[in-house]
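S.K.: What follows is protein-v2.pdb; its format and atoms are PDB, C-alpha atoms (C1' of nucleotides).
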MODEL        1
ATOM      1  CA  MET M  28      73.398  84.422 -74.171
ATOM      2  CA  ASN M  29      70.138  82.590 -74.810
ATOM      3  CA  THR M  30      68.370  79.945 -72.751
ATOM      4  CA  LYS M  31      69.918  77.066 -74.627
ATOM      5  CA  GLU M  32      73.428  78.372 -74.070
ATOM      6  CA  ILE M  33      72.748  78.861 -70.380
ATOM      7  CA  THR M  34      71.292  75.382 -70.081
ATOM      8  CA  ASP M  35      74.360  73.928 -71.750
ATOM      9  CA  LYS M  36      76.728  75.791 -69.465
ATOM     10  CA  LEU M  37      74.914  74.558 -66.388
ATOM     11  CA  THR M  38      74.774  70.970 -67.590
ATOM     12  CA  GLU M  39      78.435  71.098 -68.495
ATOM     13  CA  LYS M  40      79.239  71.931 -64.882
ATOM     14  CA  GLY M  41      76.946  69.243 -63.566
ATOM     15  CA  LEU M  42      74.490  71.761 -62.182
ATOM     16  CA  ARG M  43      70.771  71.169 -62.431
ATOM     17  CA  VAL M  44      68.873  73.460 -64.717
ATOM     18  CA  THR M  45      66.196  75.420 -62.866
ATOM     19  CA  PRO M  46      64.166  78.464 -63.863
ATOM     20  CA  GLN M  47      65.790  80.419 -61.034
ATOM     21  CA  ARG M  48      69.288  79.685 -62.247
ATOM     22  CA  ILE M  49      68.430  80.642 -65.777
ATOM     23  CA  ALA M  50      66.837  83.863 -64.592
ATOM     24  CA  ILE M  51      69.886  84.767 -62.524
ATOM     25  CA  PHE M  52      72.239  84.090 -65.381
ATOM     26  CA  GLU M  53      70.130  86.164 -67.751
ATOM     27  CA  ALA M  54      69.879  88.994 -65.245
ATOM     28  CA  ILE M  55      73.627  89.314 -64.898
ATOM     29  CA  PHE M  56      74.064  89.640 -68.631
ATOM     30  CA  LYS M  57      71.149  92.015 -69.068
ATOM     31  CA  LEU M  58      72.190  94.243 -66.170
ATOM     32  CA  ASP M  59      75.704  94.287 -67.551
ATOM     33  CA  ASN M  60      77.311  96.558 -64.932
ATOM     34  CA  HIS M  61      78.712  94.064 -62.460
ATOM     35  CA  PRO M  62      75.454  93.936 -60.538
ATOM     36  CA  THR M  63      75.068  93.382 -56.826
ATOM     37  CA  ALA M  64      72.925  90.562 -55.463
ATOM     38  CA  GLU M  65      70.283  93.182 -54.737
ATOM     39  CA  ASN M  66      70.337  94.451 -58.338
ATOM     40  CA  ILE M  67      69.826  90.912 -59.540
ATOM     41  CA  ILE M  68      66.987  90.190 -57.123
ATOM     42  CA  GLU M  69      65.191  93.396 -58.032
ATOM     43  CA  TYR M  70      65.497  92.647 -61.726
ATOM     44  CA  ILE M  71      64.304  89.083 -61.470
ATOM     45  CA  LYS M  72      61.341  89.870 -59.203
ATOM     46  CA  ARG M  73      59.621  91.726 -62.038
ATOM     47  CA  LYS M  74      59.100  88.447 -63.857
ATOM     48  CA  HIS M  75      59.489  85.941 -61.029
ATOM     49  CA  PRO M  76      58.085  87.657 -57.926
ATOM     50  CA  ASN M  77      58.519  84.542 -55.809
ATOM     51  CA  ILE M  78      62.241  84.127 -56.106
ATOM     52  CA  SER M  79      63.846  84.346 -52.706
ATOM     53  CA  THR M  80      66.897  86.213 -51.519
ATOM     54  CA  GLY M  81      68.476  83.115 -50.073
ATOM     55  CA  THR M  82      68.220  81.277 -53.348
ATOM     56  CA  VAL M  83      69.883  84.081 -55.263
ATOM     57  CA  TYR M  84      72.815  84.134 -52.874
ATOM     58  CA  LYS M  85      73.124  80.360 -52.961
ATOM     59  CA  VAL M  86      73.011  80.279 -56.749
ATOM     60  CA  LEU M  87      75.558  83.073 -57.064
ATOM     61  CA  ASP M  88      77.913  81.249 -54.709
ATOM     62  CA  SER M  89      77.547  78.078 -56.691
ATOM     63  CA  PHE M  90      78.190  79.917 -59.962
ATOM     64  CA  VAL M  91      81.358  81.428 -58.534
ATOM     65  CA  GLU M  92      82.533  78.046 -57.253
ATOM     66  CA  ASN M  93      81.903  76.523 -60.667
ATOM     67  CA  HIS M  94      83.705  79.334 -62.469
ATOM     68  CA  LEU M  95      80.667  80.640 -64.276
ATOM     69  CA  LEU M  96      81.057  84.035 -62.612
ATOM     70  CA  LYS M  97      83.654  86.032 -60.732
ATOM     71  CA  LYS M  98      82.989  87.840 -57.484
ATOM     72  CA  VAL M  99      84.171  91.437 -57.383
ATOM     73  CA  LYS M 100      84.802  93.168 -54.080
ATOM     74  CA  THR M 101      84.157  96.877 -53.847
ATOM     75  CA  GLU M 102      85.115  99.922 -51.834
ATOM     76  CA  ASN M 103      82.139  99.597 -49.503
ATOM     77  CA  GLY M 104      82.280  95.840 -49.054
ATOM     78  CA  ILE M 105      79.224  95.006 -51.136
ATOM     79  CA  MET M 106      79.938  92.170 -53.523
ATOM     80  CA  ARG M 107      79.265  92.398 -57.243
ATOM     81  CA  TYR M 108      79.292  89.747 -59.948
ATOM     82  CA  ASP M 109      81.190  89.649 -63.208
ATOM     83  CA  PRO M 110      80.437  87.333 -66.120
ATOM     84  CA  LEU M 111      83.734  88.071 -67.895
ATOM     85  CA  LEU M 112      85.902  85.079 -67.103
ATOM     86  CA  SER M 113      89.133  85.857 -68.891
ATOM     87  CA  LYS M 114      91.937  87.553 -66.958
ATOM     88  CA  HIS M 115      91.222  91.241 -66.635
ATOM     89  CA  HIS M 116      91.441  94.271 -64.420
ATOM     90  CA  HIS M 117      88.865  96.815 -63.307
ATOM     91  CA  LEU M 118      88.380 100.540 -63.606
ATOM     92  CA  TYR M 119      86.277 101.889 -60.736
ATOM     93  CA  CYS M 120      84.370 105.120 -61.263
ATOM     94  CA  ILE M 121      84.176 106.912 -57.927
ATOM     95  CA  GLU M 122      81.307 109.108 -59.100
ATOM     96  CA  THR M 123      78.888 106.577 -60.550
ATOM     97  CA  ASN M 124      80.170 103.331 -58.987
ATOM     98  CA  LYS M 125      80.429 101.908 -62.453
ATOM     99  CA  ILE M 126      82.997  99.157 -62.904
ATOM    100  CA  VAL M 127      84.589  98.839 -66.329
ATOM    101  CA  ASP M 128      86.491  95.759 -67.416
ATOM    102  CA  TYR M 129      90.024  96.327 -68.642
ATOM    103  CA  GLU M 130      91.799  93.594 -70.533
ATOM    104  CA  ASP M 131      95.297  93.928 -71.974
ATOM    105  CA  SER M 132      97.890  91.224 -72.277
ATOM    106  CA  GLU M 133     100.667  93.777 -72.688
ATOM    107  CA  LEU M 134      99.914  95.045 -69.195
ATOM    108  CA  ASP M 135      99.868  91.529 -67.814
ATOM    109  CA  GLU M 136     103.239  90.763 -69.318
ATOM    110  CA  LEU M 137     104.652  94.006 -68.030
ATOM    111  CA  LEU M 138     103.613  93.078 -64.513
ATOM    112  CA  LEU M 139     104.785  89.514 -64.829
ATOM    113  CA  ASN M 140     108.208  90.634 -65.999
ATOM    114  CA  TYR M 141     108.456  93.211 -63.281
ATOM    115  CA  PHE M 142     107.834  90.631 -60.568
ATOM    116  CA  LYS M 143     110.088  88.086 -62.250
ATOM    117  CA  LYS M 144     112.867  90.629 -61.983
ATOM    118  CA  LYS M 145     111.975  91.902 -58.515
ATOM    119  CA  LYS M 146     111.536  88.604 -56.704
ATOM    120  CA  ILE M 147     109.560  89.374 -53.587
ATOM    121  CA  LYS M 148     111.013  87.549 -50.611
ATOM    122  CA  ASN M 149     108.845  85.144 -48.658
ATOM    123  CA  PHE M 150     105.890  85.433 -50.964
ATOM    124  CA  LYS M 151     104.684  83.154 -53.729
ATOM    125  CA  ILE M 152     102.526  85.114 -56.160
ATOM    126  CA  GLN M 153      99.346  83.523 -57.440
ATOM    127  CA  ASP M 154      97.517  86.436 -58.988
ATOM    128  CA  ILE M 155      98.111  90.063 -59.808
ATOM    129  CA  ASN M 156      95.189  92.401 -59.980
ATOM    130  CA  LEU M 157      95.062  96.063 -60.844
ATOM    131  CA  GLN M 158      92.431  98.362 -59.427
ATOM    132  CA  VAL M 159      92.266 101.664 -61.187
ATOM    133  CA  THR M 160      90.035 104.292 -59.626
ATOM    134  CA  GLY M 161      88.956 107.458 -61.369
ATOM    135  CA  ILE M 162      86.128 109.068 -63.238
ATOM    136  CA  VAL M 163      84.248 107.893 -66.306
ATOM    137  CA  LYS M 164      84.015 110.728 -68.821
ATOM    138  CA  ASN M 165      81.283 111.056 -71.432
TER     139      ASN M 165
ATOM    140  CA  MET E  29     104.860 105.887 -31.781
ATOM    141  CA  ASN E  30     104.561 107.161 -28.179
ATOM    142  CA  THR E  31     101.757 109.055 -26.474
ATOM    143  CA  LYS E  32     103.290 112.452 -27.125
ATOM    144  CA  GLU E  33     103.583 111.767 -30.832
ATOM    145  CA  ILE E  34     100.007 110.575 -31.015
ATOM    146  CA  THR E  35      98.793 113.616 -29.103
ATOM    147  CA  ASP E  36     100.649 115.886 -31.490
ATOM    148  CA  LYS E  37      99.207 114.183 -34.539
ATOM    149  CA  LEU E  38      95.666 114.528 -33.214
ATOM    150  CA  THR E  39      96.125 118.179 -32.257
ATOM    151  CA  GLU E  40      97.657 118.904 -35.635
ATOM    152  CA  LYS E  41      94.471 117.677 -37.281
ATOM    153  CA  GLY E  42      92.264 119.642 -34.901
ATOM    154  CA  LEU E  43      91.009 116.498 -33.194
ATOM    155  CA  ARG E  44      90.510 116.388 -29.440
ATOM    156  CA  VAL E  45      92.840 114.165 -27.515
ATOM    157  CA  THR E  46      91.001 111.458 -25.596
ATOM    158  CA  PRO E  47      92.203 108.261 -23.935
ATOM    159  CA  GLN E  48      90.104 106.248 -26.384
ATOM    160  CA  ARG E  49      91.719 107.841 -29.408
ATOM    161  CA  ILE E  50      95.166 107.304 -28.010
ATOM    162  CA  ALA E  51      94.368 103.688 -27.240
ATOM    163  CA  ILE E  52      93.055 103.083 -30.751
ATOM    164  CA  PHE E  53      96.086 104.627 -32.351
ATOM    165  CA  GLU E  54      98.409 102.587 -30.159
ATOM    166  CA  ALA E  55      96.484  99.418 -30.867
ATOM    167  CA  ILE E  56      96.838  99.768 -34.612
ATOM    168  CA  PHE E  57     100.593 100.102 -34.336
ATOM    169  CA  LYS E  58     100.985  97.303 -31.813
ATOM    170  CA  LEU E  59      98.739  94.905 -33.747
ATOM    171  CA  ASP E  60     100.682  95.731 -36.873
ATOM    172  CA  ASN E  61      98.877  93.440 -39.314
ATOM    173  CA  HIS E  62      96.257  95.750 -40.781
ATOM    174  CA  PRO E  63      93.806  94.954 -37.983
ATOM    175  CA  THR E  64      90.060  94.826 -38.295
ATOM    176  CA  ALA E  65      87.843  96.933 -36.056
ATOM    177  CA  GLU E  66      87.197  93.793 -34.066
ATOM    178  CA  ASN E  67      90.913  93.130 -33.578
ATOM    179  CA  ILE E  68      91.311  96.645 -32.277
ATOM    180  CA  ILE E  69      88.358  96.416 -29.907
ATOM    181  CA  GLU E  70      89.531  93.112 -28.504
ATOM    182  CA  TYR E  71      93.031  94.462 -27.942
ATOM    183  CA  ILE E  72      91.890  97.641 -26.250
ATOM    184  CA  LYS E  73      89.356  95.957 -23.986
ATOM    185  CA  ARG E  74      92.144  94.256 -22.055
ATOM    186  CA  LYS E  75      93.206  97.605 -20.629
ATOM    187  CA  HIS E  76      90.058  99.673 -21.200
ATOM    188  CA  PRO E  77      87.157  97.253 -20.738
ATOM    189  CA  ASN E  78      84.601 100.035 -21.058
ATOM    190  CA  ILE E  79      85.430 101.217 -24.549
ATOM    191  CA  SER E  80      82.450 100.795 -26.824
ATOM    192  CA  THR E  81      82.174  99.377 -30.313
ATOM    193  CA  GLY E  82      80.453 102.468 -31.632
ATOM    194  CA  THR E  83      83.235 104.702 -30.428
ATOM    195  CA  VAL E  84      85.902 102.601 -32.085
ATOM    196  CA  TYR E  85      84.111 102.737 -35.425
ATOM    197  CA  LYS E  86      83.523 106.470 -35.107
ATOM    198  CA  VAL E  87      87.145 107.119 -34.214
ATOM    199  CA  LEU E  88      88.419 104.955 -37.055
ATOM    200  CA  ASP E  89      86.190 106.815 -39.513
ATOM    201  CA  SER E  90      87.442 110.121 -38.257
ATOM    202  CA  PHE E  91      91.063 108.974 -38.511
ATOM    203  CA  VAL E  92      90.515 107.889 -42.099
ATOM    204  CA  GLU E  93      88.825 111.203 -42.952
ATOM    205  CA  ASN E  94      91.728 113.075 -41.419
ATOM    206  CA  HIS E  95      94.313 110.982 -43.231
ATOM    207  CA  LEU E  96      95.795 109.420 -40.154
ATOM    208  CA  LEU E  97      94.901 105.953 -41.407
ATOM    209  CA  LYS E  98      93.910 104.227 -44.620
ATOM    210  CA  LYS E  99      90.998 101.843 -44.921
ATOM    211  CA  VAL E 100      91.782  98.569 -46.665
ATOM    212  CA  LYS E 101      89.031  96.513 -48.245
ATOM    213  CA  THR E 102      89.416  92.760 -48.274
ATOM    214  CA  GLU E 103      88.235  89.679 -50.077
ATOM    215  CA  ASN E 104      85.416  89.039 -47.622
ATOM    216  CA  GLY E 105      84.261  92.632 -47.263
ATOM    217  CA  ILE E 106      85.584  93.190 -43.744
ATOM    218  CA  MET E 107      87.457  96.465 -43.496
ATOM    219  CA  ARG E 108      90.984  96.679 -42.116
ATOM    220  CA  TYR E 109      93.095  99.661 -41.148
ATOM    221  CA  ASP E 110      96.548 100.622 -42.312
ATOM    222  CA  PRO E 111      98.812 103.167 -40.613
ATOM    223  CA  LEU E 112     101.225 103.362 -43.553
ATOM    224  CA  LEU E 113     100.264 106.547 -45.342
ATOM    225  CA  SER E 114     102.711 106.665 -48.232
ATOM    226  CA  LYS E 115     101.671 105.238 -51.592
ATOM    227  CA  HIS E 116     101.940 101.497 -51.543
ATOM    228  CA  HIS E 117     100.395  98.247 -52.682
ATOM    229  CA  HIS E 118      99.362  95.121 -50.813
ATOM    230  CA  LEU E 119     100.254  91.469 -50.879
ATOM    231  CA  TYR E 120      97.357  89.320 -49.651
ATOM    232  CA  CYS E 121      98.121  85.927 -48.209
ATOM    233  CA  ILE E 122      95.209  83.642 -48.989
ATOM    234  CA  GLU E 123      96.260  81.151 -46.315
ATOM    235  CA  THR E 124      96.762  83.364 -43.283
ATOM    236  CA  ASN E 125      94.855  86.508 -44.331
ATOM    237  CA  LYS E 126      98.008  88.461 -43.649
ATOM    238  CA  ILE E 127      98.374  91.687 -45.615
ATOM    239  CA  VAL E 128     101.910  92.807 -46.377
ATOM    240  CA  ASP E 129     102.720  96.319 -47.524
ATOM    241  CA  TYR E 130     104.622  96.624 -50.775
ATOM    242  CA  GLU E 131     106.231  99.908 -51.672
ATOM    243  CA  ASP E 132     108.298 100.459 -54.807
ATOM    244  CA  SER E 133     108.537 103.629 -56.831
ATOM    245  CA  GLU E 134     109.913 101.727 -59.817
ATOM    246  CA  LEU E 135     106.646  99.811 -60.012
ATOM    247  CA  ASP E 136     104.621 102.998 -59.697
ATOM    248  CA  GLU E 137     106.554 104.613 -62.533
ATOM    249  CA  LEU E 138     106.187 101.542 -64.671
ATOM    250  CA  LEU E 139     102.414 101.680 -64.265
ATOM    251  CA  LEU E 140     102.244 105.409 -64.768
ATOM    252  CA  ASN E 141     104.206 105.173 -68.002
ATOM    253  CA  TYR E 142     102.120 102.308 -69.219
ATOM    254  CA  PHE E 143      98.901 104.238 -68.779
ATOM    255  CA  LYS E 144     100.438 107.411 -70.198
ATOM    256  CA  LYS E 145     101.174 105.438 -73.350
ATOM    257  CA  LYS E 146      97.905 103.494 -73.409
ATOM    258  CA  LYS E 147      95.461 106.321 -72.870
ATOM    259  CA  ILE E 148      92.234 104.730 -71.712
ATOM    260  CA  LYS E 149      89.272 106.295 -73.471
ATOM    261  CA  ASN E 150      86.534 107.915 -71.400
ATOM    262  CA  PHE E 151      88.317 107.446 -68.107
ATOM    263  CA  LYS E 152      90.342 109.862 -66.016
ATOM    264  CA  ILE E 153      92.677 107.943 -63.715
ATOM    265  CA  GLN E 154      93.042 109.084 -60.140
ATOM    266  CA  ASP E 155      94.770 106.177 -58.500
ATOM    267  CA  ILE E 156      96.352 102.886 -59.468
ATOM    268  CA  ASN E 157      96.438 100.096 -56.976
ATOM    269  CA  LEU E 158      97.925  96.654 -57.244
ATOM    270  CA  GLN E 159      96.550  93.707 -55.341
ATOM    271  CA  VAL E 160      98.827  90.734 -55.325
ATOM    272  CA  THR E 161      97.418  87.541 -53.884
ATOM    273  CA  GLY E 162      99.464  84.530 -52.984
ATOM    274  CA  ILE E 163     101.101  82.720 -50.107
ATOM    275  CA  VAL E 164     103.516  83.975 -47.478
ATOM    276  CA  LYS E 165     106.433  81.550 -47.180
ATOM    277  CA  ASN E 166     108.520  81.118 -44.063
TER     278      ASN E 166
ATOM    279  C1'  DA W   4      63.041  57.495 -56.604
ATOM    280  C1'  DT W   5      66.190  60.277 -54.788
ATOM    281  C1'  DA W   6      69.060  63.757 -54.390
ATOM    282  C1'  DA W   7      69.456  68.547 -55.217
ATOM    283  C1'  DT W   8      67.205  73.041 -55.112
ATOM    284  C1'  DT W   9      63.922  76.325 -53.562
ATOM    285  C1'  DG W  10      61.334  79.511 -50.407
ATOM    286  C1'  DC W  11      60.782  81.235 -46.154
ATOM    287  C1'  DA W  12      62.058  83.159 -42.060
ATOM    288  C1'  DA W  13      65.252  83.561 -38.647
ATOM    289  C1'  DA W  14      69.771  84.798 -37.460
ATOM    290  C1'  DA W  15      74.437  86.109 -38.145
ATOM    291  C1'  DG W  16      78.080  89.496 -38.760
ATOM    292  C1'  DC W  17      79.819  93.934 -39.488
ATOM    293  C1'  DT W  18      78.806  98.650 -39.173
ATOM    294  C1'  DT W  19      75.937 102.799 -38.259
ATOM    295  C1'  DT W  20      72.901 105.712 -35.624
ATOM    296  C1'  DG W  21      70.539 108.461 -31.846
ATOM    297  C1'  DC W  22      70.670 110.266 -27.703
ATOM    298  C1'  DA W  23      71.771 111.172 -22.964
ATOM    299  C1'  DT W  24      75.980 111.471 -20.269
ATOM    300  C1'  DG W  25      80.492 112.820 -19.551
ATOM    301  C1'  DG W  26      85.043 114.958 -20.677
ATOM    302  C1'  DC W  27      88.168 118.133 -23.284
ATOM    303  C1'  DC W  28      89.600 122.840 -24.442
TER     304       DC W  28
ATOM    305  C1'  DG F  11      80.691 126.868 -20.381
ATOM    306  C1'  DG F  12      80.168 125.133 -24.548
ATOM    307  C1'  DC F  13      80.906 121.827 -27.621
ATOM    308  C1'  DC F  14      82.633 117.549 -28.902
ATOM    309  C1'  DA F  15      83.330 112.619 -27.892
ATOM    310  C1'  DT F  16      81.802 108.585 -25.533
ATOM    311  C1'  DG F  17      78.833 104.634 -24.107
ATOM    312  C1'  DC F  18      74.989 102.108 -24.731
ATOM    313  C1'  DA F  19      71.566  99.912 -27.082
ATOM    314  C1'  DA F  20      68.885  99.621 -30.985
ATOM    315  C1'  DA F  21      68.664  99.175 -35.714
ATOM    316  C1'  DG F  22      70.609  98.762 -40.541
ATOM    317  C1'  DC F  23      72.287  96.239 -44.244
ATOM    318  C1'  DT F  24      74.225  92.490 -46.612
ATOM    319  C1'  DT F  25      74.748  87.786 -46.398
ATOM    320  C1'  DT F  26      74.167  83.080 -44.375
ATOM    321  C1'  DT F  27      71.672  79.231 -42.473
ATOM    322  C1'  DG F  28      68.187  75.506 -41.398
ATOM    323  C1'  DC F  29      64.539  73.043 -42.721
ATOM    324  C1'  DA F  30      60.358  71.490 -44.838
ATOM    325  C1'  DA F  31      58.380  71.428 -49.336
ATOM    326  C1'  DT F  32      59.206  71.137 -54.132
ATOM    327  C1'  DT F  33      61.490  69.943 -58.401
ATOM    328  C1'  DA F  34      65.034  68.083 -61.712
ATOM    329  C1'  DT F  35      67.203  64.037 -63.371
TER     330       DT F  35
ENDMDL
END
Have the structure of the file written as structure tokens, please.

M.R.:
Amino acid sequence: MNTKEITDKLTEKGLRVTPQRIAIFEAIFKLDNHPTAENIIEYIKRKHPNISTGTVYKVLDSFVENHLLKKVKTENGIMRYDPLLSKHHHLYCIETNKIVDYEDSELDELLLNYFKKKKIKNFKIQDINLQVTGIVKN
Amino acid sequence: MNTKEITDKLTEKGLRVTPQRIAIFEAIFKLDNHPTAENIIEYIKRKHPNISTGTVYKVLDSFVENHLLKKVKTENGIMRYDPLLSKHHHLYCIETNKIVDYEDSELDELLLNYFKKKKIKNFKIQDINLQVTGIVKN
DNA sequence: ATAATTGCAAAAGCTTTGCATGGCC
DNA sequence: GGCCATGCAAAGCTTTTGCAATTAT
């Protein structure tokens, strides 16, 4: 994801292109492990020491609203950010806090069929999300 | 769940029986909708105006550690508490913030079999949890 | 030009902590 | 009596907010 691609994505969504926004976008891809706001701020401050916390939070919110990122909630309540936009689930490593994306349409169909058959009363399903916790092996 | 039952449960776990602990346990059952710490505090203060925030958090932590409650993380990062201890999933209502328990062994088997067949590389599964978001209908 | 974005600092909101006091076993 | 739990208040941490100054279009 280079600067031109980021610029295009922002423009496409009607968002103004600023150095801060580009830096935040880059950081999320470079950091790669569903970073927290703090991770992002720390990373960016190396090159842009003046970026402010408030700005990063505002930009992240706006990216989530504009479907450029997804917000991922975690065990301890700290939010993390995910650039993978297609439907997917997450594997949570309880030892390292790593979050691994898990994408499989067979699983999604399985779940969809299950709930089609089961028919939960008094509840209209909008989204089904699997959280798998365990340990990453090496 | 009456006072005697609560007392027994606490004793069984080697926890001292105090009026605060009993009140907190009662509150969670009376409130019934996976209450937040704040919900619990507000409820208890009607009868026990002197109970302190710190105590409630400490007691809740200790209950979770001793497997008398489960902690439920939510969309916005505020923790909620669940007295249902058997394996189950949650339906999240995005309109009312209600959390409904969903228990079905057929679903659990389905998931278990799926992952037995799929074999995720480099990951040892400990727990599988489904989060279904949608709208409660009346 | 003008409307949106940034930086800064203050504050909010939930949760944790330390310590003296009090209560349970 | 001894140890554990409570109350209180302070502080911690993540996130939000308000506003003047700056910047993108």

S.K.: Place a sphere of radius 12 Å on (64.8, 89.9, -61.5) in the file coordinates and name every protein, DNA or RNA residue with an atom inside or on its surface, counting all atoms listed in the file; give the answer as JSON, numbers by chain.

M.R.: {"M": [46, 47, 48, 49, 50, 51, 52, 53, 54, 55, 56, 57, 58, 62, 63, 64, 65, 66, 67, 68, 69, 70, 71, 72, 73, 74, 75, 76, 77, 78, 79, 80, 83]}

S.K.: Show me, as a PyMOL selection string, the residues that have an atom within 12 Å of DG21 of chain W when counting only C-alpha atoms (C1' of nucleotides), minus same-chain residues fewer than 3 positions from it.

M.R.: (chain E and resi 82) or (chain F and resi 17-21)

S.K.: Store the residues of this selection in a file with C-alpha atoms (C1' of nucleotides), as a PDB file, in the frame of the given file.

M.R.:
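Saved as again-v4.pdb:
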ATOM      1  CA  GLY E  82      80.453 102.468 -31.632  1.00  0.00           C
TER       2      GLY E  82
ATOM      3  C1'  DG F  17      78.833 104.634 -24.107  1.00  0.00           C
ATOM      4  C1'  DC F  18      74.989 102.108 -24.731  1.00  0.00           C
ATOM      5  C1'  DA F  19      71.566  99.912 -27.082  1.00  0.00           C
ATOM      6  C1'  DA F  20      68.885  99.621 -30.985  1.00  0.00           C
ATOM      7  C1'  DA F  21      68.664  99.175 -35.714  1.00  0.00           C
TER       8       DA F  21
END

S.K.: Report the distance between atom CA of Glu33 of chain E and atom C1' of DT16 of chain F in Å, rounded to one decimal place.

M.R.: 22.6 Å

S.K.: Kindly indicate which residue among E:Asp89, E:Asp129, E:Asp136, E:Glu40 lies nearest to Ile147 of chain M, using all atoms listed in the file for the distances.

M.R.: E:Asp129

S.K.: Once you count all atoms listed in the file, what closest atom pair and distance in Å to one decimal does each residue of chain E within 8 Å of chain W have, with rows by chain and rising residue number, as JSON lines?

M.R.:
{"residue": "E:Arg44", "atom": "CA", "partner": "W:DC27", "partner_atom": "C1'", "distance": 6.8}
{"residue": "E:Val45", "atom": "CA", "partner": "W:DC27", "partner_atom": "C1'", "distance": 7.4}
{"residue": "E:Thr46", "atom": "CA", "partner": "W:DC27", "partner_atom": "C1'", "distance": 7.6}
{"residue": "E:Tyr85", "atom": "CA", "partner": "W:DT18", "partner_atom": "C1'", "distance": 7.7}
{"residue": "E:Ile106", "atom": "CA", "partner": "W:DC17", "partner_atom": "C1'", "distance": 7.2}

S.K.: For the atom pair atom C1' of DG28 of chain F and atom CA of Val99 of chain M, what is the interatomic distance in Å to one decimal place?

M.R.: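 For atom C1' of DG28 of chain F relative to atom CA of Val99 of chain M, the distance reads 27.7 Å.
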
S.K.: When you count all atoms listed in the file, which of these residues is closest to chain M: E:Lys165, E:Lys32, E:Lys147, E:Lys115?

M.R.: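 For chain M, the nearest of the candidates is E:Lys165.
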
S.K.: Can you work out which residues from chain E touch chain M at a cut-off of 12 Å (counting all atoms listed in the file) and hand them back as a VMD selection string?

M.R.: chain E and resid 99 to 108 117 to 123 126 to 132 134 to 143 145 to 146 148 to 166

S.K.: Measure the distance from atom CA of Pro110 of chain M to atom CA of Lys97 of chain M in Å and round it to one decimal.

M.R.: 6.4 Å

S.K.: Can you work out which residues from chain F touch chain M at a cut-off of 9 Å (counting all atoms listed in the file) and hand them back as a PDB file with C-alpha atoms (C1' of nucleotides), in the coordinates of the input?

M.R.:
ATOM      1  C1'  DT F  24      74.225  92.490 -46.612  1.00  0.00           C
ATOM      2  C1'  DT F  25      74.748  87.786 -46.398  1.00  0.00           C
ATOM      3  C1'  DT F  26      74.167  83.080 -44.375  1.00  0.00           C
ATOM      4  C1'  DT F  33      61.490  69.943 -58.401  1.00  0.00           C
ATOM      5  C1'  DA F  34      65.034  68.083 -61.712  1.00  0.00           C
ATOM      6  C1'  DT F  35      67.203  64.037 -63.371  1.00  0.00           C
TER       7       DT F  35
END

S.K.: Please enclose the listed atoms of segment 6-17 of chain W in an axis-aligned box, pad each side by 4 Å, and write out the centre and the three edge lengths in Å, rounded to one decimal, as AutoDock Vina command-line options.

M.R.:
--center_x 70.3 --center_y 78.8 --center_z -46.3 --size_x 27.0 --size_y 38.2 --size_z 25.8
